[in-house]
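Everything on this sheet refers to the single structure shown next.
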Amino acid sequence: MLHDMSFALPQLLRGLGVTLEIGAIVVTAGSLAGFVVGLSLLYGGFAVRLAARLYVDTIRGLPVLVLIFVIYFALPAFGLRFSAFQAGITALSIFATAHIAEIVRGGIDSIPRAQMDAAKAVGLTFWQRLHLVILPQAVRRMVPSWVNVAVEIVKGSALLSLLGIIDLLLAMQNVVGVTFSPLPFYGLTAFLYFAVNFTISRIGGLMERRFAYLKY
Amino acid sequence: MAPILKISDLHKHFGPLEVLRGISLDVDPGQVVALVGASGSGKTTLLRCVNALEDYHKGSISLGDEQIGYQELNGRRVRLPESRVARQRADLGMVFQSYNLFPHMTVLDNVALGLVYVQKKSRAEAERIALSWIERVGLAEKVKSYPFQLSGGQQQRVAIARAVAMQPKVMLFDEVTSALDPELIGEVLAVMQNLARGGQTMLVVSHEMMFVREVAHRVVFMDGGVIVEQGPPEEVLVRPRTERLQTFLTRFRGVLR
């Protein structure tokens, strides 16, 4: 057992590293792009708004796995070839972008219109109104849903093992394939996933408390 | 004397509902003009048009010799770019019925915001000016408080300080005491009265007839999107000529005698 563990642990930790790397890249990319798409949903001209709405609604209606397979298996037919890692990151980022866009839109939309009026009356320009008045209030309301997306992404990254990316899940399967002792390693893997997501939730909780002075 | 604010033949409708049907109104520098009328008569909409918070369909509004919110291009009226409108709004101060302070900022930051980001003053200079206005509205001990820690009357005084600190050419007051508990109304009106005495040009929508009578140089009665009657308060409020104004004023008989 001890021997199994010393063989398995480095592999699982390497898998965990890959899972964390995927999560970090996807959440960062999805947040940045989602922010832009979310603003487009609210403030874009007609065509931009329509395009953003189509994107968000289409992607949110698809299972992530379909997205992953389309990008990895179907796009090469059109001459777009990605490595498994690139395809996985791209698919998850497209998914995260759509969800975060909707969160950004909802967060900003939930701020009373009167705040925008007051910011206009002060003489602030559009971008000043957004970053000085609206976003500081809206971000707080986005945090809980944003945490949900981050957790979904970490869990969803397990799907990338289907492309042969040795993330935490595939590392676990490899380990179990060699040691033939599923229970401890399934348990350990589940615990690692839980630990990552619990940490994300805690960070979200801290951020919410950081904005606790925001009362109406 | 040339008027500082000139509203000409303003028309606005929300769908089929005509809210403003040809409003013309001049405000001279240093003048306090009160807009009175029943709710739905278009007073608030008129005020919001002046600050370019609403579009309108016909007419024009000028501050000094600059048209607000629009320009004439080849005989057509075109909305000015957002950045130009923002600069124009900096010359107009507005106070709202629901205060609309920024809840994530202290009192000091609320008042200093426009000075720093619109007037591009240094942080220290902006805070010095902000502080002097916060003192003038009697809230020196609240500079570090957040809006939720203040009473409605205190919040509204901060909102006034935030607007006047920018030294606007015209101040717009939109029913600023309507959301306040009766015992808090006086402190806000006192601040406004001081501003008026200091020569601030003001366009005031109010239902406080005592205040209007005492402070306003001119009272404008609106009904159904038009100006029905206007003149000095002693005339308009005490000897109304039209039946519509007489009916409106019966509600205030107690305060106006």
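Going through the structure tokens in order, the chains are called A, B, and so on, while each chain numbers its residues from 1 and the ligands are numbered from 1 in the order shown.
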Margin query: List as a list of chain:residue names the protein and nucleic acid residues near segment 99-114 of chain A, meaning an atom at most 6 Å away when only C-alpha atoms are counted, but skip any in the same chain fewer than 3 places from it.
Written below: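 The residues satisfying every condition are A:Gly34, A:Phe35, A:Val37, A:Gly38, A:Ala96, A:Asp117, A:Ala138, A:Arg141, A:Met142.
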Kindly export the residues of the current selection with N, CA and C atoms, as a PDB file, in the first residue's frame.
ATOM      1  N   GLY A  34     -15.620  37.148 -21.293  1.00  0.00           N
ATOM      2  CA  GLY A  34     -17.000  37.246 -20.822  1.00  0.00           C
ATOM      3  C   GLY A  34     -17.362  38.671 -20.459  1.00  0.00           C
ATOM      4  N   PHE A  35     -16.386  39.385 -19.927  1.00  0.00           N
ATOM      5  CA  PHE A  35     -16.594  40.794 -19.588  1.00  0.00           C
ATOM      6  C   PHE A  35     -16.915  41.599 -20.841  1.00  0.00           C
ATOM      7  N   VAL A  37     -18.001  40.435 -23.782  1.00  0.00           N
ATOM      8  CA  VAL A  37     -19.278  40.003 -24.367  1.00  0.00           C
ATOM      9  C   VAL A  37     -20.443  40.528 -23.516  1.00  0.00           C
ATOM     10  N   GLY A  38     -20.272  40.510 -22.194  1.00  0.00           N
ATOM     11  CA  GLY A  38     -21.322  41.006 -21.303  1.00  0.00           C
ATOM     12  C   GLY A  38     -21.609  42.483 -21.550  1.00  0.00           C
ATOM     13  N   ALA A  96     -17.036  29.045 -20.789  1.00  0.00           N
ATOM     14  CA  ALA A  96     -16.973  29.956 -19.640  1.00  0.00           C
ATOM     15  C   ALA A  96     -17.337  31.381 -20.052  1.00  0.00           C
ATOM     16  N   ASP A 117     -27.723  57.573 -13.779  1.00  0.00           N
ATOM     17  CA  ASP A 117     -28.159  58.965 -13.918  1.00  0.00           C
ATOM     18  C   ASP A 117     -27.299  59.892 -13.062  1.00  0.00           C
ATOM     19  N   ALA A 138     -21.417  46.443  -9.084  1.00  0.00           N
ATOM     20  CA  ALA A 138     -21.899  45.257  -9.790  1.00  0.00           C
ATOM     21  C   ALA A 138     -21.024  44.032  -9.513  1.00  0.00           C
ATOM     22  N   ARG A 141     -22.045  41.784  -6.819  1.00  0.00           N
ATOM     23  CA  ARG A 141     -23.197  40.923  -7.101  1.00  0.00           C
ATOM     24  C   ARG A 141     -22.825  39.806  -8.062  1.00  0.00           C
ATOM     25  N   MET A 142     -21.712  39.971  -8.770  1.00  0.00           N
ATOM     26  CA  MET A 142     -21.305  38.931  -9.711  1.00  0.00           C
ATOM     27  C   MET A 142     -20.544  37.804  -9.007  1.00  0.00           C
TER      28      MET A 142
END
Next item on the list: Could you please tell me, as a PyMOL selection string, which residues of chain A have an atom within 7 Å of chain B when using only C-alpha atoms?
Entry: chain A and resi 114-115+117-118+120-125+133+137+214-216
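Reported to one decimal place, the separation of atom CA of Gln200 of chain B from atom CA of Val170 of chain B is 7.1 Å.
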Next item on the list: Determine the nearest neighbour of Arg60 of chain A from the options A:Val149, A:Leu170, A:Leu159, A:Val143, counting only C-alpha atoms.
Entry: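 Selected residue with least distance to Arg60 of chain A: A:Val149.
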Next item on the list: Write down as a PyMOL selection string the residues belonging to segment 100-188 of chain B that are assigned helix (DSSP H, G or I) by DSSP computed on the backbone.
Entry: chain B and resi 107-117+123-136+140-142+147-149+152-164+182-188
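Restricting the calculation to only C-alpha atoms, the smallest distance between Arg244 of chain B and any of B:Gly224, B:Gly199, B:Gly42, B:Pro168 is found for B:Gly224.
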For His57 of chain B, please output as a PDB file with N, CA and C atoms, in the first residue's frame all residues within 9 Å (counting only C-alpha atoms; exclusion window: fewer than 6 positions along the same chain).
ATOM      1  N   LEU B  10     -39.900  73.036 -26.397  1.00  0.00           N
ATOM      2  CA  LEU B  10     -39.492  71.651 -26.161  1.00  0.00           C
ATOM      3  C   LEU B  10     -40.686  70.692 -26.265  1.00  0.00           C
ATOM      4  N   HIS B  11     -40.496  69.666 -27.069  1.00  0.00           N
ATOM      5  CA  HIS B  11     -41.524  68.631 -27.218  1.00  0.00           C
ATOM      6  C   HIS B  11     -40.926  67.278 -26.888  1.00  0.00           C
ATOM      7  N   LYS B  12     -41.653  66.495 -26.141  1.00  0.00           N
ATOM      8  CA  LYS B  12     -41.225  65.125 -25.890  1.00  0.00           C
ATOM      9  C   LYS B  12     -42.433  64.233 -25.682  1.00  0.00           C
ATOM     10  N   HIS B  13     -42.346  63.024 -26.223  1.00  0.00           N
ATOM     11  CA  HIS B  13     -43.418  62.066 -25.942  1.00  0.00           C
ATOM     12  C   HIS B  13     -42.825  60.713 -25.598  1.00  0.00           C
TER      13      HIS B  13
END
Identify, with DSSP run on backbone atoms, the residues in segment 170-248 of chain B assigned to strand (DSSP E or B), and express the list as an mmCIF file with all heavy atoms, in the first residue's frame.
data_model
loop_
_atom_site.group_PDB
_atom_site.id
_atom_site.type_symbol
_atom_site.label_atom_id
_atom_site.label_comp_id
_atom_site.auth_asym_id
_atom_site.auth_seq_id
_atom_site.Cartn_x
_atom_site.Cartn_y
_atom_site.Cartn_z
ATOM 1 N N VAL B 170 -25.866 76.142 -13.501
ATOM 2 C CA VAL B 170 -27.262 76.023 -13.070
ATOM 3 C C VAL B 170 -27.407 74.765 -12.230
ATOM 4 O O VAL B 170 -26.846 73.714 -12.561
ATOM 5 C CB VAL B 170 -28.218 75.935 -14.289
ATOM 6 C CG1 VAL B 170 -29.660 75.760 -13.828
ATOM 7 C CG2 VAL B 170 -28.085 77.159 -15.171
ATOM 8 N N MET B 171 -28.139 74.871 -11.135
ATOM 9 C CA MET B 171 -28.445 73.699 -10.320
ATOM 10 C C MET B 171 -29.884 73.263 -10.595
ATOM 11 O O MET B 171 -30.794 74.087 -10.615
ATOM 12 C CB MET B 171 -28.310 74.044 -8.825
ATOM 13 C CG MET B 171 -26.894 74.000 -8.282
ATOM 14 S SD MET B 171 -26.238 72.315 -8.128
ATOM 15 C CE MET B 171 -27.288 71.661 -6.838
ATOM 16 N N LEU B 172 -30.062 71.943 -10.772
ATOM 17 C CA LEU B 172 -31.395 71.398 -11.009
ATOM 18 C C LEU B 172 -31.802 70.569 -9.786
ATOM 19 O O LEU B 172 -31.073 69.672 -9.379
ATOM 20 C CB LEU B 172 -31.375 70.507 -12.256
ATOM 21 C CG LEU B 172 -30.741 71.111 -13.517
ATOM 22 C CD1 LEU B 172 -30.514 70.036 -14.568
ATOM 23 C CD2 LEU B 172 -31.625 72.217 -14.064
ATOM 24 N N PHE B 173 -32.933 70.888 -9.211
ATOM 25 C CA PHE B 173 -33.407 70.148 -8.034
ATOM 26 C C PHE B 173 -34.709 69.444 -8.392
ATOM 27 O O PHE B 173 -35.702 70.092 -8.713
ATOM 28 C CB PHE B 173 -33.657 71.101 -6.861
ATOM 29 C CG PHE B 173 -32.410 71.710 -6.292
ATOM 30 C CD1 PHE B 173 -31.902 72.896 -6.805
ATOM 31 C CD2 PHE B 173 -31.744 71.097 -5.243
ATOM 32 C CE1 PHE B 173 -30.749 73.466 -6.274
ATOM 33 C CE2 PHE B 173 -30.591 71.656 -4.704
ATOM 34 C CZ PHE B 173 -30.094 72.840 -5.224
ATOM 35 N N ASP B 174 -34.698 68.126 -8.316
ATOM 36 C CA ASP B 174 -35.879 67.361 -8.731
ATOM 37 C C ASP B 174 -36.610 66.786 -7.516
ATOM 38 O O ASP B 174 -36.301 65.695 -7.059
ATOM 39 C CB ASP B 174 -35.463 66.238 -9.685
ATOM 40 C CG ASP B 174 -36.664 65.474 -10.220
ATOM 41 O OD1 ASP B 174 -37.784 65.992 -10.087
ATOM 42 O OD2 ASP B 174 -36.467 64.368 -10.762
ATOM 43 N N MET B 202 -30.849 78.508 -10.024
ATOM 44 C CA MET B 202 -31.483 77.242 -9.682
ATOM 45 C C MET B 202 -32.798 77.045 -10.428
ATOM 46 O O MET B 202 -33.578 77.975 -10.584
ATOM 47 C CB MET B 202 -31.760 77.182 -8.157
ATOM 48 C CG MET B 202 -30.493 77.159 -7.335
ATOM 49 S SD MET B 202 -30.651 77.533 -5.554
ATOM 50 C CE MET B 202 -31.932 76.481 -4.993
ATOM 51 N N LEU B 203 -33.003 75.808 -10.869
ATOM 52 C CA LEU B 203 -34.287 75.416 -11.433
ATOM 53 C C LEU B 203 -34.806 74.311 -10.511
ATOM 54 O O LEU B 203 -34.191 73.247 -10.400
ATOM 55 C CB LEU B 203 -34.092 74.914 -12.868
ATOM 56 C CG LEU B 203 -35.334 74.628 -13.708
ATOM 57 C CD1 LEU B 203 -36.272 75.813 -13.759
ATOM 58 C CD2 LEU B 203 -34.929 74.230 -15.127
ATOM 59 N N VAL B 204 -35.906 74.586 -9.826
ATOM 60 C CA VAL B 204 -36.329 73.735 -8.722
ATOM 61 C C VAL B 204 -37.728 73.169 -8.962
ATOM 62 O O VAL B 204 -38.674 73.935 -9.141
ATOM 63 C CB VAL B 204 -36.353 74.544 -7.396
ATOM 64 C CG1 VAL B 204 -36.702 73.642 -6.223
ATOM 65 C CG2 VAL B 204 -35.019 75.235 -7.168
ATOM 66 N N VAL B 205 -37.839 71.850 -8.984
ATOM 67 C CA VAL B 205 -39.161 71.221 -8.974
ATOM 68 C C VAL B 205 -39.495 70.933 -7.517
ATOM 69 O O VAL B 205 -38.718 70.270 -6.829
ATOM 70 C CB VAL B 205 -39.168 69.901 -9.770
ATOM 71 C CG1 VAL B 205 -40.497 69.178 -9.576
ATOM 72 C CG2 VAL B 205 -38.927 70.170 -11.246
ATOM 73 N N ARG B 218 -39.279 83.338 -9.498
ATOM 74 C CA ARG B 218 -40.357 83.149 -10.467
ATOM 75 C C ARG B 218 -40.923 81.748 -10.283
ATOM 76 O O ARG B 218 -40.180 80.789 -10.054
ATOM 77 C CB ARG B 218 -39.805 83.302 -11.880
ATOM 78 C CG ARG B 218 -40.859 83.235 -12.968
ATOM 79 C CD ARG B 218 -40.435 84.052 -14.180
ATOM 80 N NE ARG B 218 -39.091 83.680 -14.619
ATOM 81 C CZ ARG B 218 -38.840 82.946 -15.710
ATOM 82 N NH1 ARG B 218 -39.837 82.515 -16.455
ATOM 83 N NH2 ARG B 218 -37.613 82.661 -16.043
ATOM 84 N N VAL B 219 -42.221 81.643 -10.364
ATOM 85 C CA VAL B 219 -42.889 80.353 -10.254
ATOM 86 C C VAL B 219 -43.504 80.019 -11.608
ATOM 87 O O VAL B 219 -44.132 80.875 -12.238
ATOM 88 C CB VAL B 219 -43.993 80.378 -9.176
ATOM 89 C CG1 VAL B 219 -44.709 79.029 -9.126
ATOM 90 C CG2 VAL B 219 -43.390 80.716 -7.824
ATOM 91 N N VAL B 220 -43.274 78.784 -12.045
ATOM 92 C CA VAL B 220 -43.813 78.337 -13.324
ATOM 93 C C VAL B 220 -44.756 77.176 -13.041
ATOM 94 O O VAL B 220 -44.339 76.164 -12.475
ATOM 95 C CB VAL B 220 -42.671 77.890 -14.256
ATOM 96 C CG1 VAL B 220 -43.239 77.298 -15.534
ATOM 97 C CG2 VAL B 220 -41.737 79.056 -14.564
ATOM 98 N N PHE B 221 -46.006 77.332 -13.414
ATOM 99 C CA PHE B 221 -46.981 76.264 -13.189
ATOM 100 C C PHE B 221 -47.176 75.474 -14.470
ATOM 101 O O PHE B 221 -47.532 76.038 -15.512
ATOM 102 C CB PHE B 221 -48.316 76.859 -12.720
ATOM 103 C CG PHE B 221 -49.436 75.857 -12.667
ATOM 104 C CD1 PHE B 221 -49.356 74.738 -11.826
ATOM 105 C CD2 PHE B 221 -50.568 76.002 -13.467
ATOM 106 C CE1 PHE B 221 -50.383 73.809 -11.780
ATOM 107 C CE2 PHE B 221 -51.602 75.065 -13.430
ATOM 108 C CZ PHE B 221 -51.504 73.966 -12.585
ATOM 109 N N MET B 222 -46.905 74.166 -14.376
ATOM 110 C CA MET B 222 -47.064 73.303 -15.539
ATOM 111 C C MET B 222 -48.254 72.386 -15.344
ATOM 112 O O MET B 222 -48.516 71.908 -14.247
ATOM 113 C CB MET B 222 -45.804 72.453 -15.755
ATOM 114 C CG MET B 222 -44.640 73.213 -16.363
ATOM 115 S SD MET B 222 -43.180 72.167 -16.513
ATOM 116 C CE MET B 222 -43.728 71.000 -17.753
ATOM 117 N N ASP B 223 -48.938 72.125 -16.453
ATOM 118 C CA ASP B 223 -50.040 71.169 -16.413
ATOM 119 C C ASP B 223 -50.183 70.561 -17.799
ATOM 120 O O ASP B 223 -50.186 71.289 -18.802
ATOM 121 C CB ASP B 223 -51.338 71.875 -15.986
ATOM 122 C CG ASP B 223 -52.448 70.873 -15.674
ATOM 123 O OD1 ASP B 223 -52.119 69.779 -15.160
ATOM 124 O OD2 ASP B 223 -53.610 71.182 -15.963
ATOM 125 N N VAL B 226 -47.624 71.644 -20.658
ATOM 126 C CA VAL B 226 -47.449 73.035 -21.090
ATOM 127 C C VAL B 226 -47.332 73.936 -19.857
ATOM 128 O O VAL B 226 -47.737 73.558 -18.766
ATOM 129 C CB VAL B 226 -48.634 73.539 -21.962
ATOM 130 C CG1 VAL B 226 -48.703 72.789 -23.270
ATOM 131 C CG2 VAL B 226 -49.948 73.413 -21.195
ATOM 132 N N ILE B 227 -46.747 75.111 -20.078
ATOM 133 C CA ILE B 227 -46.707 76.103 -19.008
ATOM 134 C C ILE B 227 -48.021 76.862 -19.037
ATOM 135 O O ILE B 227 -48.378 77.481 -20.035
ATOM 136 C CB ILE B 227 -45.519 77.070 -19.199
ATOM 137 C CG1 ILE B 227 -44.198 76.295 -19.020
ATOM 138 C CG2 ILE B 227 -45.603 78.221 -18.192
ATOM 139 C CD1 ILE B 227 -42.964 77.122 -19.294
ATOM 140 N N VAL B 228 -48.747 76.797 -17.927
ATOM 141 C CA VAL B 228 -50.071 77.397 -17.894
ATOM 142 C C VAL B 228 -49.989 78.834 -17.394
ATOM 143 O O VAL B 228 -50.682 79.717 -17.877
ATOM 144 C CB VAL B 228 -51.018 76.571 -16.989
ATOM 145 C CG1 VAL B 228 -52.385 77.231 -16.892
ATOM 146 C CG2 VAL B 228 -51.155 75.159 -17.541
ATOM 147 N N GLU B 229 -49.123 79.051 -16.423
ATOM 148 C CA GLU B 229 -49.045 80.367 -15.810
ATOM 149 C C GLU B 229 -47.660 80.543 -15.224
ATOM 150 O O GLU B 229 -47.057 79.580 -14.748
ATOM 151 C CB GLU B 229 -50.088 80.458 -14.685
ATOM 152 C CG GLU B 229 -50.718 81.822 -14.542
ATOM 153 C CD GLU B 229 -51.842 81.835 -13.510
ATOM 154 O OE1 GLU B 229 -52.808 81.048 -13.668
ATOM 155 O OE2 GLU B 229 -51.745 82.613 -12.574
ATOM 156 N N GLN B 230 -47.115 81.746 -15.266
ATOM 157 C CA GLN B 230 -45.861 81.987 -14.577
ATOM 158 C C GLN B 230 -45.745 83.440 -14.151
ATOM 159 O O GLN B 230 -46.401 84.309 -14.705
ATOM 160 C CB GLN B 230 -44.665 81.591 -15.432
ATOM 161 C CG GLN B 230 -44.566 82.307 -16.768
ATOM 162 C CD GLN B 230 -43.292 81.920 -17.495
ATOM 163 O OE1 GLN B 230 -42.217 82.016 -16.911
ATOM 164 N NE2 GLN B 230 -43.413 81.461 -18.717
ATOM 165 N N GLY B 231 -44.898 83.668 -13.151
ATOM 166 C CA GLY B 231 -44.729 85.019 -12.644
ATOM 167 C C GLY B 231 -44.134 84.990 -11.251
ATOM 168 O O GLY B 231 -43.742 83.925 -10.768
#
Next item on the list: Do a neighbour search on segment 24-26 of chain A at 10 Å with only C-alpha atoms, toss out local chain neighbours closer than 5 positions, and write the hits as a list in words.
Entry: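 Counting only the stated atoms, we get Val18, Thr19, Ser31, Leu32, Gly88, Ile89, Thr90, Ala91, Leu92, Ser93, Ile94, Phe95, Ala96, Thr97, Ala150, Ile153, Val154 and Ser157 of chain A.
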Next item on the list: Would you mind telling me which residue in A:Ala98, A:Val139, A:Met172, A:Leu2 lies nearest to Leu62 of chain A when using only C-alpha atoms?
Entry: A:Ala98
Polymer residues at most 7 Å from segment 177-182 of chain A, only C-alpha atoms, same-chain spacing of 4 or more positions, as a compact mmCIF listing (two decimals) with N, CA and C atoms, in the first residue's frame:
# COMPACT_ATOMS: atom_id res chain seq x y z
N ASP A 4 2.39 1.53 -3.25
CA ASP A 4 1.41 2.05 -4.21
C ASP A 4 1.32 3.57 -4.11
N GLN A 173 -7.07 7.39 -13.17
CA GLN A 173 -7.38 6.15 -13.88
C GLN A 173 -6.11 5.36 -14.19
N TYR A 186 -9.66 6.66 -5.85
CA TYR A 186 -10.88 7.41 -6.16
C TYR A 186 -11.15 8.42 -5.04
